[in-house]
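Enquirer: The file below is query01.txt, compact mmCIF, C-alpha atoms and all ligand atoms:
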# COMPACT_ATOMS: atom_id res chain seq x y z
CA MET A 182 37.99 80.99 41.71
CA THR A 183 36.86 78.71 44.53
CA VAL A 184 38.91 75.63 45.20
CA VAL A 185 37.73 73.90 48.34
CA GLY A 186 40.01 72.55 51.02
CA LEU A 187 43.43 73.51 49.66
CA ASP A 188 45.94 76.09 50.72
CA GLU A 189 47.42 78.45 48.13
CA GLN A 190 50.53 76.39 47.41
CA ALA A 191 48.70 73.09 47.00
CA ARG A 192 46.16 74.84 44.85
CA ALA A 193 48.80 76.19 42.53
CA ALA A 194 50.36 72.72 42.24
CA ALA A 195 46.98 71.13 41.54
CA LEU A 196 46.20 73.65 38.85
CA GLU A 197 49.56 73.13 37.14
CA ASN A 198 48.70 69.48 36.65
CA VAL A 199 45.28 70.12 35.21
CA PRO A 200 44.95 68.14 31.99
CA SER A 201 43.24 69.41 28.85
CA CYS A 202 39.50 69.04 28.20
CA ARG A 203 38.23 65.49 27.57
CA SER A 204 35.96 66.79 24.82
CA CYS A 205 37.44 69.77 22.97
CA GLY A 206 41.08 69.38 24.10
CA ALA A 207 41.40 73.01 25.24
CA ASP A 208 43.61 73.98 28.18
CA GLY A 209 42.44 76.24 30.98
CA LEU A 210 40.03 73.95 32.84
CA LYS A 211 38.80 75.66 36.01
CA THR A 212 38.45 73.54 39.17
CA PHE A 213 35.43 74.21 41.39
CA LEU A 214 35.20 71.20 43.71
CA GLN A 215 37.68 68.93 45.47
CA LEU A 216 36.19 65.97 47.32
CA GLY A 217 39.53 64.68 48.62
CA GLN A 218 41.09 61.21 48.44
CA MET A 219 38.29 58.75 47.73
CA PRO A 220 38.23 54.95 47.41
CA LEU A 221 36.80 53.53 44.18
CA PRO A 222 33.04 53.79 44.69
CA ASP A 223 32.06 50.30 43.52
CA ALA A 224 35.00 48.47 45.10
CA LEU A 225 32.92 46.67 47.73
CA LEU A 226 34.98 44.51 50.08
CA ARG A 227 34.59 40.94 51.26
CA ALA A 228 34.98 40.45 55.02
CA ASP A 229 38.53 39.08 54.54
CA GLN A 230 39.52 42.19 52.53
CA VAL A 231 38.48 44.69 55.20
CA GLY A 232 41.59 46.24 56.72
CA GLY A 233 43.74 45.48 53.66
CA HIS A 234 45.08 48.04 51.19
CA GLU A 235 42.43 50.13 49.48
CA PRO A 236 43.62 52.42 46.68
CA ARG A 237 42.41 56.01 46.93
CA TYR A 238 42.36 58.67 44.25
CA PRO A 239 41.77 62.42 44.39
CA LEU A 240 38.41 63.59 43.09
CA ASP A 241 38.52 67.10 41.58
CA VAL A 242 35.84 68.58 39.35
CA ALA A 243 36.46 71.27 36.72
CA PHE A 244 34.67 73.34 34.06
CA CYS A 245 35.91 73.85 30.50
CA PRO A 246 35.40 77.48 29.47
CA SER A 247 35.81 76.52 25.80
CA CYS A 248 33.05 73.88 25.43
CA SER A 249 31.22 74.10 28.81
CA LEU A 250 31.91 70.47 29.72
CA VAL A 251 32.11 69.71 33.46
CA GLN A 252 34.54 66.86 34.14
CA ILE A 253 36.69 65.20 36.77
CA LEU A 254 40.42 65.58 36.38
CA GLU A 255 41.66 62.17 37.49
CA GLU A 256 41.77 59.07 35.42
CA VAL A 257 41.43 55.56 36.77
CA GLU A 258 41.90 52.70 34.31
CA PRO A 259 38.46 51.67 33.01
CA GLU A 260 39.27 48.00 33.46
CA GLU A 261 39.78 48.67 37.17
CA LEU A 262 36.56 50.63 37.43
CA PHE A 263 34.06 48.59 35.53
CA VAL A 264 34.96 44.95 35.21
CA ASP A 265 36.32 43.64 38.49
CA ASN A 266 33.64 43.52 41.09
CA TYR A 267 31.17 45.53 39.02
CA LEU A 268 27.88 44.61 40.61
CA TYR A 269 25.35 46.97 39.09
CA PHE A 270 22.48 45.10 37.46
CA SER A 271 19.93 47.39 35.82
CA SER A 272 17.09 44.95 36.41
CA PHE A 273 17.09 45.67 40.15
CA SER A 274 15.27 48.97 39.63
CA GLU A 275 11.59 48.79 38.76
CA GLY A 276 11.37 52.47 37.85
CA LEU A 277 14.24 52.16 35.37
CA LEU A 278 12.65 49.09 33.78
CA ARG A 279 9.40 50.96 33.19
CA HIS A 280 11.20 54.01 31.79
CA SER A 281 13.21 51.79 29.40
CA ARG A 282 10.21 49.82 28.21
CA GLU A 283 8.26 52.98 27.34
CA HIS A 284 11.24 54.30 25.38
CA ALA A 285 11.68 51.03 23.47
CA PHE A 286 8.03 50.84 22.42
CA ARG A 287 8.04 54.47 21.35
CA LEU A 288 11.16 53.94 19.22
CA ILE A 289 9.61 50.89 17.54
CA GLU A 290 6.59 52.96 16.60
CA GLU A 291 8.24 56.27 15.69
CA ARG A 292 11.12 54.72 13.74
CA GLU A 293 8.93 51.94 12.27
CA LEU A 294 11.36 49.25 13.39
CA GLY A 295 10.91 45.68 12.21
CA PRO A 296 12.71 42.42 11.41
CA GLU A 297 15.08 44.21 9.00
CA SER A 298 16.17 46.83 11.55
CA LEU A 299 19.05 46.76 14.01
CA VAL A 300 19.02 48.33 17.46
CA VAL A 301 22.38 48.58 19.22
CA GLU A 302 22.71 49.45 22.88
CA LEU A 303 26.02 50.61 24.34
CA ALA A 304 26.47 49.46 27.94
CA SER A 305 23.53 47.12 27.56
CA ASN A 306 24.09 45.70 31.06
CA ASP A 307 21.84 42.68 31.70
CA GLY A 308 19.70 43.25 28.61
CA TYR A 309 16.96 45.05 30.60
CA LEU A 310 16.21 47.42 27.68
CA LEU A 311 16.98 45.43 24.55
CA LYS A 312 14.77 42.52 25.53
CA ASN A 313 11.78 44.81 24.88
CA PHE A 314 12.85 44.95 21.21
CA VAL A 315 13.50 41.20 21.11
CA GLU A 316 9.92 40.62 22.31
CA ARG A 317 8.67 42.60 19.30
CA GLY A 318 10.87 40.79 16.79
CA VAL A 319 13.40 43.61 16.28
CA PRO A 320 17.03 42.42 15.97
CA VAL A 321 19.37 43.80 18.61
CA LEU A 322 23.02 43.84 19.62
CA GLY A 323 24.19 44.69 23.12
CA ILE A 324 27.73 45.90 23.80
CA ASP A 325 29.01 45.66 27.36
CA PRO A 326 32.35 44.56 28.84
CA ALA A 327 31.00 43.41 32.22
CA PRO A 328 31.02 39.57 32.02
CA ASP A 329 28.27 38.68 34.51
CA GLN A 330 25.88 41.25 33.07
CA ALA A 331 26.58 40.11 29.50
CA GLU A 332 25.89 36.53 30.51
CA ALA A 333 22.57 37.54 32.09
CA ALA A 334 21.70 39.46 28.90
CA GLU A 335 22.37 36.46 26.67
CA ALA A 336 20.27 34.27 28.94
CA ALA A 337 17.46 36.78 28.29
CA GLY A 338 17.91 36.42 24.50
CA VAL A 339 20.05 39.53 23.96
CA PRO A 340 23.23 38.84 21.92
CA THR A 341 26.05 40.78 23.58
CA LEU A 342 29.54 41.81 22.50
CA ARG A 343 31.78 41.83 25.58
CA GLU A 344 33.78 44.96 24.82
CA PHE A 345 34.18 48.66 25.58
CA PHE A 346 32.60 50.60 22.73
CA GLY A 347 34.64 53.03 20.63
CA ALA A 348 35.48 53.96 17.04
CA ASP A 349 37.41 50.69 16.46
CA VAL A 350 34.52 48.46 17.45
CA ALA A 351 32.17 50.55 15.28
CA ARG A 352 34.49 50.23 12.25
CA ARG A 353 34.66 46.48 12.70
CA LEU A 354 30.86 46.14 12.88
CA VAL A 355 30.43 48.29 9.77
CA ALA A 356 33.04 46.17 7.95
CA GLU A 357 30.91 43.14 8.85
CA GLY A 358 27.99 44.86 7.15
CA ARG A 359 26.18 46.06 10.23
CA ARG A 360 24.78 49.58 10.63
CA ALA A 361 22.38 50.59 13.38
CA ASP A 362 18.97 52.15 12.75
CA VAL A 363 18.87 53.06 16.42
CA ILE A 364 21.73 53.36 18.90
CA ILE A 365 20.87 53.69 22.56
CA ALA A 366 23.39 54.79 25.16
CA ASN A 367 21.91 55.22 28.62
CA ASN A 368 24.04 56.27 31.57
CA VAL A 369 27.25 55.40 29.77
CA MET A 370 28.56 58.52 28.01
CA ALA A 371 29.56 59.98 31.39
CA HIS A 372 31.48 56.76 32.12
CA THR A 373 33.55 56.98 28.95
CA PRO A 374 37.14 58.20 29.31
CA GLU A 375 37.63 58.26 25.52
CA LEU A 376 34.71 60.55 24.86
CA ASN A 377 35.61 61.45 21.28
CA SER A 378 36.23 57.86 20.27
CA PHE A 379 32.87 56.92 21.78
CA VAL A 380 30.94 59.56 19.82
CA GLU A 381 32.96 58.93 16.67
CA GLY A 382 31.93 55.28 17.05
CA ILE A 383 28.27 56.28 17.24
CA SER A 384 28.69 58.38 14.11
CA ILE A 385 30.36 55.50 12.23
CA LEU A 386 27.86 52.84 13.29
CA LEU A 387 24.70 54.90 12.81
CA ALA A 388 22.85 54.37 9.51
CA ASP A 389 22.40 57.54 7.44
CA HIS A 390 18.80 58.00 8.53
CA GLY A 391 19.29 56.48 11.96
CA VAL A 392 18.91 58.08 15.34
CA ALA A 393 20.87 57.75 18.58
CA THR A 394 19.29 58.43 21.95
CA ILE A 395 21.67 59.17 24.77
CA GLU A 396 20.66 59.56 28.41
CA ASN A 397 22.67 60.94 31.28
CA THR A 398 22.07 63.00 34.37
CA TYR A 399 21.81 66.74 33.68
CA VAL A 400 24.59 68.89 35.09
CA LYS A 401 22.08 71.70 35.77
CA ASP A 402 20.10 69.44 38.13
CA LEU A 403 23.34 68.29 39.76
CA ILE A 404 24.42 71.85 40.44
CA ASP A 405 21.00 73.31 41.31
CA HIS A 406 20.15 70.49 43.77
CA THR A 407 23.71 70.04 45.11
CA GLU A 408 23.76 66.37 44.06
CA PHE A 409 27.48 66.12 44.74
CA ASP A 410 27.29 62.40 45.52
CA THR A 411 26.66 61.66 41.84
CA ILE A 412 30.28 62.71 41.32
CA TYR A 413 32.67 59.76 41.48
CA HIS A 414 35.53 58.21 39.58
CA GLU A 415 33.27 56.28 37.21
CA HIS A 416 31.63 59.51 36.06
CA PHE A 417 34.22 61.38 34.05
CA CYS A 418 31.81 63.98 32.61
CA TYR A 419 28.67 65.91 33.64
CA PHE A 420 26.81 67.16 30.59
CA SER A 421 24.84 70.22 29.61
CA CYS A 422 23.05 70.38 26.24
CA THR A 423 25.63 72.94 25.15
CA ALA A 424 28.50 70.52 25.85
CA VAL A 425 26.68 67.65 24.12
CA ASP A 426 25.88 69.80 21.08
CA GLU A 427 29.56 70.79 20.67
CA LEU A 428 30.67 67.19 21.08
CA MET A 429 28.19 65.85 18.51
CA ARG A 430 28.95 68.51 15.89
CA ARG A 431 32.62 67.57 16.07
CA HIS A 432 31.60 64.14 14.77
CA GLY A 433 29.09 65.15 12.11
CA LEU A 434 26.01 64.69 14.26
CA SER A 435 23.39 67.16 15.49
CA LEU A 436 21.43 67.40 18.70
CA VAL A 437 17.87 67.34 17.36
CA ARG A 438 15.59 66.74 20.34
CA VAL A 439 15.88 66.96 24.14
CA GLU A 440 13.65 65.40 26.80
CA HIS A 441 13.95 66.05 30.54
CA PHE A 442 13.06 63.51 33.24
CA PRO A 443 13.38 65.50 36.47
CA ALA A 444 12.62 62.54 38.76
CA LEU A 445 14.98 60.04 37.12
CA GLN A 446 18.40 59.73 38.86
CA GLY A 447 18.05 63.23 40.26
CA GLY A 448 17.37 64.73 36.83
CA THR A 449 18.12 63.01 33.53
CA LEU A 450 18.18 64.27 29.94
CA ARG A 451 17.59 62.22 26.83
CA TRP A 452 19.43 63.67 23.84
CA TRP A 453 18.26 62.59 20.38
CA VAL A 454 21.10 62.79 17.91
CA ALA A 455 21.05 62.36 14.12
CA ARG A 456 22.83 63.25 10.90
CA THR A 457 20.44 66.06 10.00
CA ASP A 458 19.97 69.78 10.42
CA ALA A 459 16.27 69.40 11.26
CA ILE A 460 16.65 70.65 14.82
CA GLU A 461 13.43 70.44 16.82
CA GLU A 462 12.12 73.16 19.09
CA SER A 463 12.99 71.23 22.29
CA ALA A 464 16.70 71.18 21.47
CA ARG A 465 16.74 74.84 20.51
CA ALA A 466 14.90 75.80 23.71
CA PHE A 467 17.36 73.95 25.97
CA LEU A 468 20.38 75.49 24.26
CA ASP A 469 18.89 78.98 24.51
CA ALA A 470 17.94 78.51 28.17
CA GLU A 471 21.45 77.33 29.08
CA LYS A 472 22.92 80.43 27.53
CA ALA A 473 20.39 82.71 29.25
CA GLU A 474 21.00 81.03 32.62
CA ARG A 475 24.78 81.15 32.10
CA LEU A 476 25.51 77.42 32.34
CA THR A 477 28.13 78.25 29.75
CA GLU A 478 30.13 80.30 32.27
CA PHE A 479 32.32 79.32 35.23
CA GLY A 480 30.35 81.55 37.61
CA TYR A 481 27.42 79.13 37.49
CA TYR A 482 29.55 76.43 39.13
CA GLU A 483 31.77 78.50 41.39
CA ALA A 484 29.75 78.43 44.66
CA PHE A 485 28.92 74.70 44.41
CA GLY A 486 31.88 73.65 46.58
CA GLU A 487 30.73 75.77 49.51
CA ARG A 488 27.23 74.31 49.32
CA VAL A 489 28.69 70.79 49.35
CA GLU A 490 30.67 71.61 52.51
CA GLY A 491 27.45 72.90 54.03
CA ILE A 492 25.77 69.54 53.46
CA ARG A 493 28.65 67.73 55.16
CA THR A 494 28.42 69.97 58.24
CA ASP A 495 24.62 69.76 58.47
CA LEU A 496 24.42 66.02 57.91
CA LEU A 497 27.08 65.25 60.54
CA GLU A 498 25.30 67.50 63.00
CA LEU A 499 21.97 65.80 62.32
CA LEU A 500 23.33 62.24 62.64
CA ARG A 501 25.42 63.03 65.75
CA GLY A 502 22.37 64.66 67.34
CA LEU A 503 20.32 61.52 66.74
CA LYS A 504 23.04 59.31 68.22
CA GLN A 505 23.20 61.54 71.30
CA GLU A 506 19.47 60.95 71.75
CA GLY A 507 20.23 57.23 71.76
CA LYS A 508 18.75 56.56 68.31
CA THR A 509 19.98 53.83 65.99
CA ILE A 510 20.71 54.59 62.35
CA ALA A 511 21.06 52.41 59.25
CA ALA A 512 21.52 53.45 55.61
CA TYR A 513 19.86 52.43 52.35
CA GLY A 514 21.66 51.98 49.02
CA ALA A 515 25.14 50.45 48.59
CA ALA A 516 25.70 52.12 45.21
CA ALA A 517 28.55 54.37 44.07
CA LYS A 518 26.61 57.46 45.05
CA GLY A 519 26.30 56.14 48.63
CA SER A 520 30.02 55.49 48.73
CA THR A 521 30.80 59.06 47.67
CA LEU A 522 28.50 60.46 50.31
CA ILE A 523 29.62 58.41 53.30
CA ASN A 524 33.31 58.73 52.45
CA TYR A 525 33.19 62.47 51.79
CA VAL A 526 31.05 63.22 54.84
CA GLY A 527 32.97 60.70 56.98
CA ILE A 528 30.21 58.36 58.15
CA GLY A 529 31.47 55.19 59.86
CA ARG A 530 30.23 52.61 62.34
CA GLU A 531 30.06 55.23 65.11
CA LEU A 532 27.06 56.75 63.32
CA VAL A 533 25.56 54.08 61.06
CA ASP A 534 25.29 50.38 61.96
CA PHE A 535 24.83 48.91 58.48
CA VAL A 536 23.70 49.59 54.90
CA VAL A 537 20.92 47.66 53.19
CA ASP A 538 20.59 47.00 49.45
CA ARG A 539 18.21 44.86 47.39
CA ASN A 540 21.04 43.70 45.12
CA VAL A 541 21.77 40.20 46.48
CA HIS A 542 25.26 40.36 44.92
CA LYS A 543 26.16 43.16 47.35
CA GLN A 544 24.73 41.67 50.51
CA GLY A 545 27.42 40.33 52.85
CA LEU A 546 30.04 42.73 51.44
CA HIS A 547 31.33 45.99 52.96
CA MET A 548 31.24 49.58 51.71
CA PRO A 549 34.58 50.96 50.43
CA GLY A 550 36.47 53.27 52.78
CA THR A 551 34.21 53.24 55.82
CA HIS A 552 33.57 49.45 55.72
CA LEU A 553 29.92 49.55 56.75
CA PRO A 554 28.47 46.05 56.31
CA ILE A 555 25.79 45.54 53.61
CA ARG A 556 22.67 43.55 54.47
CA ASP A 557 19.31 42.57 53.00
CA PRO A 558 16.60 45.26 53.36
CA ALA A 559 14.76 42.76 55.59
CA ALA A 560 17.26 43.87 58.27
CA LEU A 561 15.22 47.08 58.62
CA LEU A 562 12.37 44.99 60.05
CA GLU A 563 14.63 42.66 62.05
CA ASP A 564 16.75 45.34 63.76
CA ARG A 565 14.26 48.22 63.54
CA PRO A 566 16.76 51.10 63.35
CA ASP A 567 15.06 54.39 64.32
CA TYR A 568 16.37 56.18 61.22
CA VAL A 569 17.50 55.18 57.74
CA LEU A 570 19.89 57.48 55.89
CA LEU A 571 18.65 57.29 52.30
CA LEU A 572 21.87 57.13 50.28
CA ALA A 573 19.77 56.08 47.26
CA TRP A 574 17.72 59.29 47.41
CA ASN A 575 17.24 59.04 43.63
CA TYR A 576 14.94 56.08 44.34
CA LYS A 577 13.22 57.76 47.29
CA ASP A 578 9.60 57.09 46.29
CA GLU A 579 10.37 53.54 45.21
CA VAL A 580 12.27 52.71 48.41
CA MET A 581 9.67 54.23 50.71
CA ALA A 582 6.88 52.43 48.88
CA GLN A 583 8.75 49.16 49.48
CA GLN A 584 8.97 49.78 53.24
CA PRO A 585 5.38 50.29 54.47
CA GLU A 586 5.94 48.08 57.51
CA TYR A 587 9.11 49.87 58.60
CA LEU A 588 7.40 53.26 58.24
CA ALA A 589 4.21 52.08 59.98
CA GLY A 590 6.38 50.94 62.91
CA GLY A 591 7.63 54.51 63.36
CA GLY A 592 10.82 54.29 61.30
CA ARG A 593 11.97 57.48 59.60
CA PHE A 594 14.14 58.26 56.59
CA VAL A 595 16.85 60.93 56.41
CA VAL A 596 17.38 62.41 52.94
CA PRO A 597 20.87 63.97 52.54
CA VAL A 598 20.44 66.29 49.50
CA PRO A 599 19.75 69.04 48.52
CA SER A 600 19.92 69.65 52.27
CA PRO A 601 19.73 67.02 55.03
CA ALA A 602 16.17 66.46 56.25
CA VAL A 603 14.07 63.85 58.08
CA VAL A 604 11.09 62.80 55.94
ZN ZN A 701 36.22 71.59 26.41
Show the structure stored in the file as structure tokens.
Ligand SMILES: [Zn+2]
Expert:
Amino acid sequence: MTVVGLDEQARAAALENVPSCRSCGADGLKTFLQLGQMPLPDALLRADQVGGHEPRYPLDVAFCPSCSLVQILEEVEPEELFVDNYLYFSSFSEGLLRHSREHAFRLIEERELGPESLVVELASNDGYLLKNFVERGVPVLGIDPAPDQAEAAEAAGVPTLREFFGADVARRLVAEGRRADVIIANNVMAHTPELNSFVEGISILLADHGVATIENTYVKDLIDHTEFDTIYHEHFCYFSCTAVDELMRRHGLSLVRVEHFPALQGGTLRWWVARTDAIEESARAFLDAEKAERLTEFGYYEAFGERVEGIRTDLLELLRGLKQEGKTIAAYGAAAKGSTLINYVGIGRELVDFVVDRNVHKQGLHMPGTHLPIRDPAALLEDRPDYVLLLAWNYKDEVMAQQPEYLAGGGRFVVPVPSPAVV
């Protein structure tokens, strides 16, 4: 087994404290990556907070040999992670808006949704997806605990329950006479510490002939492209189809269809789940391929840690080389993924002057851990850094398309994964 960055004694101690699987409850989780003590990835700091106490938590990643689920071992209270200072607004990404709109219109058509239907979205954020149904006269309910996002959703005509979703909330809604014809859960199942309660809730709330569509990044893409920076405390789990299938069956649901979006968030799957045995070819093909490619075995994950260390070494070498040539460097993307990358690699003010982000709520704040200041993307044209480290590499095409003037002026981007490169 490969455990990165620990001596034998510490490794033994770490393994003794390994909890049981978040999905199937089995013991014997096998650790394959340790990213060290990391600050909370979305805990951006105001100027007056810089230099104060910042909590840090270990970040270890393990594989469950029983159900194939990849998961982090540490638990941080969800209230701490998602409510205070949670500044992610879905509507800031044009690509995501387009993707969501297409999905909504397809669901309306395929499921023949109308004024008598109900579409429920879990982690509905600012209503970016549900408002497409509202436009077409389909009743919706958003569920999201983040207060600012829920307020924005309601302003857009999307009624929103300000809660974490689980079996209890589902039971209450059903008792009120509400069942969902469609449940949508995008980029939330990985964020759910109570995985079984979450899926049980879906099973309770879903009408007998309803369908749930669940999207999350695909663990195969994460591993194959060394996307280690998508690992952080908010992401408890990293799913394969095999792990999702096991999880759903435990709650009386079946994985019936799988779609792959290789360019979305570094590789996203959409799992269609229903109370039926009519499994479509796409689901069968993914499950077979995962078995054939051994995603169901620890060996598939074992060498990942060494590749992650390789990225750290190469990226530091690249950035230090540029500084030695007298170049200036900024970074793009003050999201959780960027925080993981700069904190794990160890990128501070000596290498990068500032980070830019389009989210106005983040501008003027500082990145966790390394305290890089966050500015408006207009700073790329004002200060003209020679290079921009693209922390938001998952939005590479979108970001580069938004910066024609910076690129025309000779500016270059550095993409950190799967291996650091100037583009
Ligand atoms: Zn398991």
Enquirer: Measuring between all atoms listed in the file, which one of A:Tyr399, A:Ala511, A:Glu302, A:Glu531 shows the shortest distance to Phe467 of chain A?
Expert: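 Once distances to Phe467 of chain A are computed over all atoms listed in the file, the minimum belongs to A:Tyr399.
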Enquirer: Between A:Ala207, A:Ile383, A:Leu288, A:Ala304, single out the one closest to Val369 of chain A, counting all atoms listed in the file.
Expert: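 So, comparing all the options, the nearest one is A:Ala304.
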Enquirer: If you count all atoms listed in the file, which residues end up within 12 Å of ligand ZN 701 (chain A), as a VMD selection string?
Expert: chain A and resid 200 to 211 243 to 252 376 to 377 418 to 421 423 to 428 431 477
Enquirer: Kindly extract all protein, DNA and RNA residues lying within 8 Å of the coordinates (28.1, 58.0, 67.4) given in the file, considering all atoms listed in the file, and supply them as a list of chain:residue names.
Expert: A:Leu500, A:Arg501, A:Lys504, A:Gln505, A:Arg530, A:Glu531, A:Leu532, A:Val533
Enquirer: Contacts of Phe535 of chain A at 7 Å or less, counting all atoms listed in the file, minus same-chain residues fewer than 2 places along, as a VMD selection string?
Expert: chain A and resid 511 to 512 533 537 553 to 555
Enquirer: Could you check which of A:Arg465, A:Ser600, A:Arg475, A:Leu354 is closest to Thr494 of chain A, using all atoms listed in the file?
Expert: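 Looking at the shortest contact to Thr494 of chain A, the residue is A:Ser600.
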Enquirer: For atom CA of Ser384 of chain A and atom CA of Val454 of chain A, determine how far apart the two atoms are, in Å to one decimal place.
Expert: 9.6 Å
Enquirer: Ranking A:Leu311, A:Gly550, A:Gly491, A:Leu299 by minimum distance to Gly232 of chain A and counting only C-alpha atoms, which one comes first?
Expert: A:Gly550
Enquirer: Just how far from atom CA of Glu487 of chain A is atom CA of Lys508 of chain A, in Å to one decimal?
Expert: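 Atom CA of Lys508 of chain A sits 29.4 Å away from atom CA of Glu487 of chain A.
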Enquirer: Could you check how far atom CA of Asp307 of chain A sits from atom CA of Ala336 of chain A, in Å to one decimal?
Expert: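 It comes out at 9.0 Å.
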Enquirer: Can you tell me, as a tab-separated table (two decimals) with C-alpha atoms, keeping the file's coordinate frame, which residues sit within 6 Å of (15.5, 67.6, 24.0) in the file's frame, using only C-alpha atoms?
Expert:
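Writing the result to selection-v7.tsv gives the following:
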chain	number	residue	atom	x	y	z
A	438	ARG	CA	15.59	66.74	20.34
A	439	VAL	CA	15.88	66.96	24.14
A	440	GLU	CA	13.65	65.40	26.80
A	452	TRP	CA	19.43	63.67	23.84
A	463	SER	CA	12.99	71.23	22.29
A	464	ALA	CA	16.70	71.18	21.47
Enquirer: Using only C-alpha atoms, pick whichever of A:Thr394, A:Leu476, A:Leu221, A:Lys577 has the shortest atom-to-atom distance to Ser281 of chain A.
Expert: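 Closest to Ser281 of chain A of all the choices is A:Thr394.
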